[in-house]
Amino acid sequence: MLEIEDLHVSVQDKNILKGLSLTVPAGEVHAIMGPNGAGKSTTSYTLAGREGYEVTSGAIRFKGEDFVDLPPEERAAKGMFLAFQSPIEIPGVTSMNFLKTAVNAQARSRGEKEPTAVEFLKMLREAAKKLNVTEDMLRRPLNVGFSGGEKKRNEVLQMTLLKPSLAVLDETDSGLDIDALRLVAEGVNALRCPERSFLVITHYQRLLDYIEPDVVHILAGGRIVKSGDKTLARQLEDQGYDAVIGQAA
Amino acid sequence: MTQEMETLEEFAGQKYKYGFVSDIESEFAPKGLSEDVIRFISAKKDEPDWMLDWRLAAYKRWQAMREPDWAKLHYPRVDFDDLYYYAAPKSDKTSPKSLDEVDPELLETYKKLGIPLSEQEILAGVEPKNRVAVDAVFDSVSVVTTFKETLEEAGVIFCPISEAISKYPELVQKYLGTVVPVTDNFYATLNSAVFSDGSFVYIPEGVRCPMELSTYFRINASNTGQFERTLIIADKNSYVSYLEGCTAPQRDENQLHAAVVELVALEGAEIKYSTVQNWYPGDETGKGGIYNFVTKRGDCRGDHSKISWTQVETGSAITWKYPSCILRGENSQGEFYSIAITNNYQQADTGTKMIHLGKNTKSRIISKGISAGHSQNTYRGLVRMHSKADGARNFTQCDSLLMGSDCGAHTVPYIESRNRSAMIEHEATTSKISEDQLFYCLSRGIDAEEAVALIVNGFCKDVLQQLPMEFAVEAQKLVGISLEGSVG
């Protein structure tokens, strides 16, 4: 699904990613853990194609296709989804309208038929119900005045409707209490299937109690320094980054 | 500058969608303005003497007036001797009885503009109650007036003002110039002298107008000043919603437009006046475009009356326009909802005046200004509480959105209160479309062009939702089109 090869990325002329390599096969859930400043957010923004995140060398291949020069909206249409750490507020635009615009834009981009208003509403209501997203939330301006939990549920709702092949979750657990975290994780788990991969980026092991990863990678100093199964996350939690990374180095 | 922004700039080359010239021959009055020209106009319309005298008095007054220069607008002075003050399509002598009799060239012009003439609605089998009556103003003379019968049944008068002058002289004489006096301002006085045509509406007592009334204004002949005159009277406890929309063909020379709109709401009456203005704004370098100097004013003459202005201003090189309300009747209400979008080298100085004279009068002002390119966008508004306006209230909200760093947004509120019990609230914000918002949209597969339209429509929502349905859809599209290529 996703292959990252010796990726070097600089932001405002500062090298952040220094030789990141990573392969996420279809249907797998990979976690990237790392201390502050390791390059976690840079990794997610680079994958989504944000301007200002300059790939100086290396490759990103998505379903075998070179992704580096593709604009963000085309990446999205090809099945890349980024769940934001801090979802953005757009005043005056209802969540429902935003979602419909996104679903239609992606359908057009892929040369598919846009769903009718009735089809869309049916999909939306089903997905919203599972995530405990109320009708009221759908009619409120996107993320404006939403609580932390509401914002993250809204991200998962978007993910559910946009049906990506790869979902990158950027510190989705930040700012969530346990109940909200569980609800979000359930939403994510419901989307797990053999055709879909996840890259879960997190600082804490906590989220991985709910979204169980197949592989855990540790990101430090702009590259993956250690990979292992889910026990690696627990080991990090017990011993701390310094001990585990020191061990790896 | 980021790549997203650059992508957006590529759309800047977008040409004015409605730029074309229809070659219907015009019948001109001689260039320039004189008593003879005014007599020519009046004679062309077979006007009674009182109308001619009214015009001549206005002309005399106008000669002594000076063009105002207090607005934040910069443009070369208009040479008023170098303009034509009258032009009519040749076919105006034999008024067409149906669409078949209308010049096909004219119909083609409307088609290009996408104007839904009511006849087309009939062909499409639209429910009669949903139909929009159109009094189409083409180059100064109304040539198509539809749905008269339905309106006549309700007792509503909706006709060209020239027709009203001959058919309903008492009504016209009673109200014309009573809201915007002949002496009001330079452009209004000019209009009073030379107005060519426009609409006249009278809603009788207790009648709720059975349909939205709509007029499409269009400027077509080169160098012809357009001087529309509209008069709407809502008698006691009546209601009317009037829609006005405009587009104009592409021109290199600046065209002057100085319209006057007068609204009179008697006791318990309500008038809702909505405008979508999309005249040629000039090209990317600021060449050409319409000069739009408009005087619009409503008089809440009776107690419990209400006048609501909603405008979406996206066109014109120069906009000078302050739709206002005189809140004379007790408990009367005035509203002003405005979206003003300027791009490239457009300049807009627009806002409202709410003059509170009566007790417990209320006014509400919501203004959304969006500036892009090298444009300048000014909100200028006056809220005045007179000494007898006990318990009067005003709420004003002015929001500005800036796109890029070469444009300007200005808010100039004037507040005068001579009554201690009056309450005035004013809120103002200035913001930009953030890169975060843009990237968020992009990451969901929404391209930059659509993202800007989405975000700006969200910004304008409070105003857009005031528009009647058929206008709201058109206006939303217009907001997107007007800003294509505008973030930098």
# chains A, B, ... in the order shown; residues from 1 in each chain; ligands from 1
>>> select_by_dssp(residues="stretch 59-121 of chain A", states="strand (DSSP E or B)", output="ChimeraX atom specification")
/A:59-62,65-66,80-83,90-94
>>> write_last_selection(atoms="N, CA, C and O atoms", output="PDB file, in the first residue's frame")
ATOM      1  N   ALA A  59      11.689   8.608  -1.775  1.00  0.00           N
ATOM      2  CA  ALA A  59      10.462   8.350  -2.519  1.00  0.00           C
ATOM      3  C   ALA A  59       9.300   8.006  -1.601  1.00  0.00           C
ATOM      4  O   ALA A  59       9.482   7.462  -0.517  1.00  0.00           O
ATOM      5  N   ILE A  60       8.101   8.394  -2.068  1.00  0.00           N
ATOM      6  CA  ILE A  60       6.867   7.933  -1.441  1.00  0.00           C
ATOM      7  C   ILE A  60       6.068   7.260  -2.544  1.00  0.00           C
ATOM      8  O   ILE A  60       5.768   7.890  -3.557  1.00  0.00           O
ATOM      9  N   ARG A  61       5.799   5.986  -2.373  1.00  0.00           N
ATOM     10  CA  ARG A  61       4.957   5.298  -3.372  1.00  0.00           C
ATOM     11  C   ARG A  61       3.683   4.825  -2.698  1.00  0.00           C
ATOM     12  O   ARG A  61       3.710   4.234  -1.612  1.00  0.00           O
ATOM     13  N   PHE A  62       2.560   5.150  -3.347  1.00  0.00           N
ATOM     14  CA  PHE A  62       1.251   4.773  -2.824  1.00  0.00           C
ATOM     15  C   PHE A  62       0.593   3.885  -3.863  1.00  0.00           C
ATOM     16  O   PHE A  62       0.414   4.308  -5.006  1.00  0.00           O
ATOM     17  N   GLU A  65       2.412   3.948  -7.020  1.00  0.00           N
ATOM     18  CA  GLU A  65       2.538   5.189  -7.777  1.00  0.00           C
ATOM     19  C   GLU A  65       3.370   6.211  -7.004  1.00  0.00           C
ATOM     20  O   GLU A  65       3.205   6.379  -5.795  1.00  0.00           O
ATOM     21  N   ASP A  66       4.244   6.887  -7.750  1.00  0.00           N
ATOM     22  CA  ASP A  66       5.070   7.923  -7.122  1.00  0.00           C
ATOM     23  C   ASP A  66       4.170   9.073  -6.669  1.00  0.00           C
ATOM     24  O   ASP A  66       3.400   9.615  -7.448  1.00  0.00           O
ATOM     25  N   MET A  80      -5.799   8.659  -0.006  1.00  0.00           N
ATOM     26  CA  MET A  80      -5.014   9.035   1.179  1.00  0.00           C
ATOM     27  C   MET A  80      -5.878   9.916   2.075  1.00  0.00           C
ATOM     28  O   MET A  80      -6.559  10.820   1.613  1.00  0.00           O
ATOM     29  N   PHE A  81      -5.867   9.625   3.362  1.00  0.00           N
ATOM     30  CA  PHE A  81      -6.644  10.449   4.288  1.00  0.00           C
ATOM     31  C   PHE A  81      -5.805  10.796   5.501  1.00  0.00           C
ATOM     32  O   PHE A  81      -5.127   9.930   6.066  1.00  0.00           O
ATOM     33  N   LEU A  82      -5.820  12.041   5.886  1.00  0.00           N
ATOM     34  CA  LEU A  82      -5.112  12.453   7.099  1.00  0.00           C
ATOM     35  C   LEU A  82      -6.129  12.941   8.134  1.00  0.00           C
ATOM     36  O   LEU A  82      -6.877  13.880   7.886  1.00  0.00           O
ATOM     37  N   ALA A  83      -6.145  12.255   9.284  1.00  0.00           N
ATOM     38  CA  ALA A  83      -6.958  12.744  10.396  1.00  0.00           C
ATOM     39  C   ALA A  83      -6.091  13.716  11.184  1.00  0.00           C
ATOM     40  O   ALA A  83      -5.026  13.346  11.679  1.00  0.00           O
ATOM     41  N   ILE A  90     -14.041  25.881  10.156  1.00  0.00           N
ATOM     42  CA  ILE A  90     -14.465  26.683   8.998  1.00  0.00           C
ATOM     43  C   ILE A  90     -15.837  27.284   9.303  1.00  0.00           C
ATOM     44  O   ILE A  90     -16.859  26.627   9.157  1.00  0.00           O
ATOM     45  N   PRO A  91     -15.864  28.547   9.725  1.00  0.00           N
ATOM     46  CA  PRO A  91     -17.124  29.185  10.116  1.00  0.00           C
ATOM     47  C   PRO A  91     -18.109  29.270   8.953  1.00  0.00           C
ATOM     48  O   PRO A  91     -17.706  29.480   7.807  1.00  0.00           O
ATOM     49  N   GLY A  92     -19.374  29.064   9.267  1.00  0.00           N
ATOM     50  CA  GLY A  92     -20.426  29.242   8.263  1.00  0.00           C
ATOM     51  C   GLY A  92     -20.627  28.061   7.332  1.00  0.00           C
ATOM     52  O   GLY A  92     -21.576  28.027   6.575  1.00  0.00           O
ATOM     53  N   VAL A  93     -19.697  27.088   7.365  1.00  0.00           N
ATOM     54  CA  VAL A  93     -19.831  25.909   6.504  1.00  0.00           C
ATOM     55  C   VAL A  93     -20.212  24.731   7.395  1.00  0.00           C
ATOM     56  O   VAL A  93     -19.442  24.346   8.275  1.00  0.00           O
ATOM     57  N   THR A  94     -21.397  24.186   7.195  1.00  0.00           N
ATOM     58  CA  THR A  94     -21.811  23.091   8.066  1.00  0.00           C
ATOM     59  C   THR A  94     -20.980  21.839   7.791  1.00  0.00           C
ATOM     60  O   THR A  94     -20.477  21.649   6.680  1.00  0.00           O
TER      61      THR A  94
END
>>> closest_atom_pairs(of="chain B", to="chain A", cutoff="6 Å", atoms="only C-alpha atoms", output="CSV")
residue,atom,partner,partner_atom,distance
B:Leu442,CA,A:Glu73,CA,4.7
B:Ser443,CA,A:Pro72,CA,5.3
B:Arg444,CA,A:Ala102,CA,5.7
B:Gly445,CA,A:Glu73,CA,3.9
B:Ile446,CA,A:Ala102,CA,5.6
B:Asp447,CA,A:Glu73,CA,5.9
B:Gly458,CA,A:Gly92,CA,3.7
B:Phe459,CA,A:Gly92,CA,5.6
B:Lys461,CA,A:Gly92,CA,5.7
>>> residues_around(residues="B:Met51", least_positions_apart="4", cutoff="10 Å", atoms="only C-alpha atoms", output="list in words")
Ser42, Asp46, Glu47, Arg55, Leu56, Ala57, Ile165, Ser166, Pro169, Val172, Gln173, Ser192 and Ala193 of chain B
>>> write_last_selection(atoms="all heavy atoms", output="short mmCIF file (atom, residue, chain, number, x, y, z; two decimals), in the first residue's frame")
data_model
loop_
_atom_site.label_atom_id
_atom_site.label_comp_id
_atom_site.auth_asym_id
_atom_site.auth_seq_id
_atom_site.Cartn_x
_atom_site.Cartn_y
_atom_site.Cartn_z
N SER B 42 -38.19 63.19 -22.71
CA SER B 42 -39.57 63.30 -22.24
C SER B 42 -40.56 63.10 -23.40
O SER B 42 -41.57 62.41 -23.25
CB SER B 42 -39.77 64.66 -21.58
OG SER B 42 -40.99 64.71 -20.89
N ASP B 46 -43.61 60.33 -24.44
CA ASP B 46 -44.95 60.95 -24.41
C ASP B 46 -45.35 61.35 -23.00
O ASP B 46 -46.46 61.07 -22.54
CB ASP B 46 -46.00 59.97 -24.97
CG ASP B 46 -45.79 59.73 -26.44
OD1 ASP B 46 -45.40 60.70 -27.14
OD2 ASP B 46 -46.00 58.59 -26.90
N GLU B 47 -44.45 61.99 -22.31
CA GLU B 47 -44.73 62.32 -20.92
C GLU B 47 -45.62 63.55 -20.78
O GLU B 47 -45.55 64.46 -21.61
CB GLU B 47 -43.42 62.58 -20.16
CG GLU B 47 -42.67 61.30 -19.83
CD GLU B 47 -41.35 61.56 -19.13
OE1 GLU B 47 -40.94 62.74 -19.01
OE2 GLU B 47 -40.73 60.58 -18.70
N ARG B 55 -38.38 67.15 -14.45
CA ARG B 55 -37.05 66.85 -14.99
C ARG B 55 -36.22 68.13 -15.17
O ARG B 55 -35.05 68.18 -14.80
CB ARG B 55 -37.17 66.15 -16.35
CG ARG B 55 -37.69 64.72 -16.32
CD ARG B 55 -37.82 64.20 -17.75
NE ARG B 55 -38.33 62.84 -17.84
CZ ARG B 55 -37.59 61.74 -17.79
NH1 ARG B 55 -36.28 61.83 -17.62
NH2 ARG B 55 -38.13 60.54 -17.89
N LEU B 56 -36.88 69.12 -15.76
CA LEU B 56 -36.15 70.37 -16.05
C LEU B 56 -35.70 71.05 -14.76
O LEU B 56 -34.59 71.59 -14.68
CB LEU B 56 -37.02 71.31 -16.88
CG LEU B 56 -37.24 70.85 -18.34
CD1 LEU B 56 -38.26 71.74 -19.04
CD2 LEU B 56 -35.91 70.84 -19.13
N ALA B 57 -36.56 70.98 -13.74
CA ALA B 57 -36.19 71.58 -12.46
C ALA B 57 -34.98 70.85 -11.87
O ALA B 57 -34.07 71.47 -11.31
CB ALA B 57 -37.38 71.51 -11.49
N ILE B 165 -46.36 56.58 -15.28
CA ILE B 165 -46.49 58.03 -15.36
C ILE B 165 -47.74 58.41 -16.15
O ILE B 165 -48.46 59.34 -15.81
CB ILE B 165 -45.21 58.67 -15.97
CG1 ILE B 165 -44.07 58.55 -14.97
CG2 ILE B 165 -45.44 60.12 -16.36
CD1 ILE B 165 -42.70 58.81 -15.55
N SER B 166 -48.04 57.66 -17.22
CA SER B 166 -49.24 58.00 -17.99
C SER B 166 -50.49 57.34 -17.44
O SER B 166 -51.58 57.92 -17.50
CB SER B 166 -49.03 57.63 -19.47
OG SER B 166 -48.81 56.26 -19.61
N PRO B 169 -50.89 58.59 -12.90
CA PRO B 169 -50.17 59.82 -12.58
C PRO B 169 -50.34 60.27 -11.12
O PRO B 169 -49.40 60.82 -10.54
CB PRO B 169 -50.76 60.86 -13.55
CG PRO B 169 -52.05 60.28 -14.02
CD PRO B 169 -51.89 58.81 -13.96
N VAL B 172 -47.90 58.28 -8.93
CA VAL B 172 -46.53 58.68 -9.19
C VAL B 172 -46.26 60.06 -8.61
O VAL B 172 -45.25 60.27 -7.91
CB VAL B 172 -46.21 58.64 -10.70
CG1 VAL B 172 -44.80 59.16 -10.95
CG2 VAL B 172 -46.36 57.23 -11.25
N GLN B 173 -47.18 60.95 -8.86
CA GLN B 173 -46.98 62.32 -8.36
C GLN B 173 -46.97 62.38 -6.84
O GLN B 173 -46.24 63.16 -6.24
CB GLN B 173 -48.07 63.25 -8.91
CG GLN B 173 -47.71 63.81 -10.28
CD GLN B 173 -48.75 64.80 -10.77
OE1 GLN B 173 -49.85 64.41 -11.10
NE2 GLN B 173 -48.39 66.06 -10.81
N SER B 192 -32.89 62.24 -11.69
CA SER B 192 -34.22 62.85 -11.76
C SER B 192 -34.42 63.60 -13.07
O SER B 192 -35.51 63.64 -13.62
CB SER B 192 -34.41 63.82 -10.59
OG SER B 192 -34.27 63.13 -9.37
N ALA B 193 -33.35 64.17 -13.58
CA ALA B 193 -33.45 64.92 -14.85
C ALA B 193 -33.56 64.00 -16.05
O ALA B 193 -34.29 64.29 -16.99
CB ALA B 193 -32.23 65.85 -14.99
#
>>> closest_residue(among="A:Asn15, A:Gln85, A:Thr116, A:Asn189", to="A:Lys152", atoms="only C-alpha atoms")
A:Gln85
>>> residues_around(residues="A:Thr42", least_positions_apart="4", cutoff="8 Å", atoms="only C-alpha atoms", output="list in words")
Ile16, Leu17, Thr46 and Tyr53 of chain A
>>> residues_around(residues="B:Leu171", least_positions_apart="3", cutoff="12 Å", atoms="only C-alpha atoms", output="number ranges by chain")
B: 157, 161, 164-168, 174-178, 200-204, 231-235, 264
>>> write_last_selection(atoms="C-alpha atoms", output="PDB file, in the first residue's frame")
ATOM      1  CA  ILE B 157     -49.436  47.253 -10.195  1.00  0.00           C
ATOM      2  CA  ILE B 161     -42.307  53.598 -14.612  1.00  0.00           C
ATOM      3  CA  ALA B 164     -47.061  54.360 -14.631  1.00  0.00           C
ATOM      4  CA  ILE B 165     -46.493  58.033 -15.360  1.00  0.00           C
ATOM      5  CA  SER B 166     -49.237  57.997 -17.994  1.00  0.00           C
ATOM      6  CA  LYS B 167     -51.543  55.414 -16.429  1.00  0.00           C
ATOM      7  CA  TYR B 168     -51.260  56.187 -12.712  1.00  0.00           C
ATOM      8  CA  LYS B 174     -47.862  61.494  -4.788  1.00  0.00           C
ATOM      9  CA  TYR B 175     -44.745  59.440  -4.121  1.00  0.00           C
ATOM     10  CA  LEU B 176     -42.016  60.159  -6.693  1.00  0.00           C
ATOM     11  CA  GLY B 177     -39.180  62.082  -5.117  1.00  0.00           C
ATOM     12  CA  THR B 178     -40.634  61.892  -1.616  1.00  0.00           C
ATOM     13  CA  PHE B 200     -43.097  50.904 -10.681  1.00  0.00           C
ATOM     14  CA  VAL B 201     -44.773  48.753  -8.065  1.00  0.00           C
ATOM     15  CA  TYR B 202     -47.891  49.432  -6.034  1.00  0.00           C
ATOM     16  CA  ILE B 203     -49.222  46.869  -3.590  1.00  0.00           C
ATOM     17  CA  PRO B 204     -52.709  47.764  -2.366  1.00  0.00           C
ATOM     18  CA  LEU B 231     -40.549  53.353  -7.146  1.00  0.00           C
ATOM     19  CA  ILE B 232     -42.182  50.791  -4.900  1.00  0.00           C
ATOM     20  CA  ILE B 233     -45.129  51.602  -2.679  1.00  0.00           C
ATOM     21  CA  ALA B 234     -46.462  49.083  -0.186  1.00  0.00           C
ATOM     22  CA  ASP B 235     -49.796  50.285   1.125  1.00  0.00           C
ATOM     23  CA  VAL B 264     -42.374  53.562   0.675  1.00  0.00           C
TER      24      VAL B 264
END
>>> residues_around(residues="stretch 325-331 of chain B", least_positions_apart="6", cutoff="6 Å", atoms="only C-alpha atoms", output="VMD selection string")
chain B and resid 297 to 304 354 to 361
>>> write_last_selection(atoms="N, CA, C and O atoms", output="PDB file, in the first residue's frame")
ATOM      1  N   ARG B 297     -33.135  54.200  -1.206  1.00  0.00           N
ATOM      2  CA  ARG B 297     -33.597  54.584   0.125  1.00  0.00           C
ATOM      3  C   ARG B 297     -35.033  54.123   0.341  1.00  0.00           C
ATOM      4  O   ARG B 297     -35.844  54.153  -0.586  1.00  0.00           O
ATOM      5  N   GLY B 298     -35.290  53.680   1.529  1.00  0.00           N
ATOM      6  CA  GLY B 298     -36.637  53.247   1.875  1.00  0.00           C
ATOM      7  C   GLY B 298     -37.169  54.079   3.022  1.00  0.00           C
ATOM      8  O   GLY B 298     -36.414  54.462   3.919  1.00  0.00           O
ATOM      9  N   ASP B 299     -38.457  54.355   2.968  1.00  0.00           N
ATOM     10  CA  ASP B 299     -39.073  55.157   4.017  1.00  0.00           C
ATOM     11  C   ASP B 299     -40.120  54.309   4.729  1.00  0.00           C
ATOM     12  O   ASP B 299     -41.129  53.933   4.142  1.00  0.00           O
ATOM     13  N   CYS B 300     -39.834  53.963   5.978  1.00  0.00           N
ATOM     14  CA  CYS B 300     -40.825  53.260   6.792  1.00  0.00           C
ATOM     15  C   CYS B 300     -41.765  54.323   7.328  1.00  0.00           C
ATOM     16  O   CYS B 300     -41.596  54.821   8.437  1.00  0.00           O
ATOM     17  N   ARG B 301     -42.727  54.673   6.495  1.00  0.00           N
ATOM     18  CA  ARG B 301     -43.551  55.838   6.779  1.00  0.00           C
ATOM     19  C   ARG B 301     -44.601  55.548   7.854  1.00  0.00           C
ATOM     20  O   ARG B 301     -44.975  56.412   8.612  1.00  0.00           O
ATOM     21  N   GLY B 302     -45.068  54.302   7.858  1.00  0.00           N
ATOM     22  CA  GLY B 302     -46.123  53.970   8.806  1.00  0.00           C
ATOM     23  C   GLY B 302     -45.598  53.203  10.014  1.00  0.00           C
ATOM     24  O   GLY B 302     -44.498  52.633   9.975  1.00  0.00           O
ATOM     25  N   ASP B 303     -46.398  53.202  11.084  1.00  0.00           N
ATOM     26  CA  ASP B 303     -46.029  52.432  12.268  1.00  0.00           C
ATOM     27  C   ASP B 303     -45.961  50.948  11.909  1.00  0.00           C
ATOM     28  O   ASP B 303     -46.694  50.467  11.057  1.00  0.00           O
ATOM     29  N   HIS B 304     -45.077  50.239  12.592  1.00  0.00           N
ATOM     30  CA  HIS B 304     -44.925  48.788  12.415  1.00  0.00           C
ATOM     31  C   HIS B 304     -44.582  48.388  10.984  1.00  0.00           C
ATOM     32  O   HIS B 304     -44.873  47.274  10.561  1.00  0.00           O
ATOM     33  N   MET B 354     -29.122  54.223   8.644  1.00  0.00           N
ATOM     34  CA  MET B 354     -30.341  53.905   9.380  1.00  0.00           C
ATOM     35  C   MET B 354     -30.685  55.152  10.187  1.00  0.00           C
ATOM     36  O   MET B 354     -29.963  55.524  11.118  1.00  0.00           O
ATOM     37  N   ILE B 355     -31.751  55.810   9.777  1.00  0.00           N
ATOM     38  CA  ILE B 355     -32.151  57.051  10.432  1.00  0.00           C
ATOM     39  C   ILE B 355     -33.367  56.750  11.316  1.00  0.00           C
ATOM     40  O   ILE B 355     -34.466  56.528  10.825  1.00  0.00           O
ATOM     41  N   HIS B 356     -33.121  56.735  12.611  1.00  0.00           N
ATOM     42  CA  HIS B 356     -34.201  56.418  13.555  1.00  0.00           C
ATOM     43  C   HIS B 356     -34.906  57.708  13.976  1.00  0.00           C
ATOM     44  O   HIS B 356     -34.333  58.531  14.669  1.00  0.00           O
ATOM     45  N   LEU B 357     -36.163  57.853  13.547  1.00  0.00           N
ATOM     46  CA  LEU B 357     -36.943  59.033  13.930  1.00  0.00           C
ATOM     47  C   LEU B 357     -38.020  58.663  14.936  1.00  0.00           C
ATOM     48  O   LEU B 357     -38.310  59.411  15.856  1.00  0.00           O
ATOM     49  N   GLY B 358     -38.629  57.485  14.744  1.00  0.00           N
ATOM     50  CA  GLY B 358     -39.769  57.093  15.561  1.00  0.00           C
ATOM     51  C   GLY B 358     -39.370  56.301  16.795  1.00  0.00           C
ATOM     52  O   GLY B 358     -38.250  55.791  16.904  1.00  0.00           O
ATOM     53  N   LYS B 359     -40.347  56.199  17.715  1.00  0.00           N
ATOM     54  CA  LYS B 359     -40.110  55.461  18.954  1.00  0.00           C
ATOM     55  C   LYS B 359     -39.980  53.967  18.683  1.00  0.00           C
ATOM     56  O   LYS B 359     -40.657  53.420  17.821  1.00  0.00           O
ATOM     57  N   ASN B 360     -39.141  53.328  19.479  1.00  0.00           N
ATOM     58  CA  ASN B 360     -38.972  51.873  19.427  1.00  0.00           C
ATOM     59  C   ASN B 360     -38.658  51.352  18.029  1.00  0.00           C
ATOM     60  O   ASN B 360     -39.085  50.271  17.644  1.00  0.00           O
ATOM     61  N   THR B 361     -37.940  52.132  17.279  1.00  0.00           N
ATOM     62  CA  THR B 361     -37.544  51.664  15.955  1.00  0.00           C
ATOM     63  C   THR B 361     -36.299  50.793  16.104  1.00  0.00           C
ATOM     64  O   THR B 361     -35.489  50.980  17.006  1.00  0.00           O
TER      65      THR B 361
END
>>> atom_distance(atom1="atom CA of A:His217", atom2="atom CA of A:Asp6")
15.0 Å
>>> closest_residue(among="B:Gln476, B:Gln255, B:Ser199, B:Ser367", to="B:Ala428", atoms="only C-alpha atoms")
B:Ser367
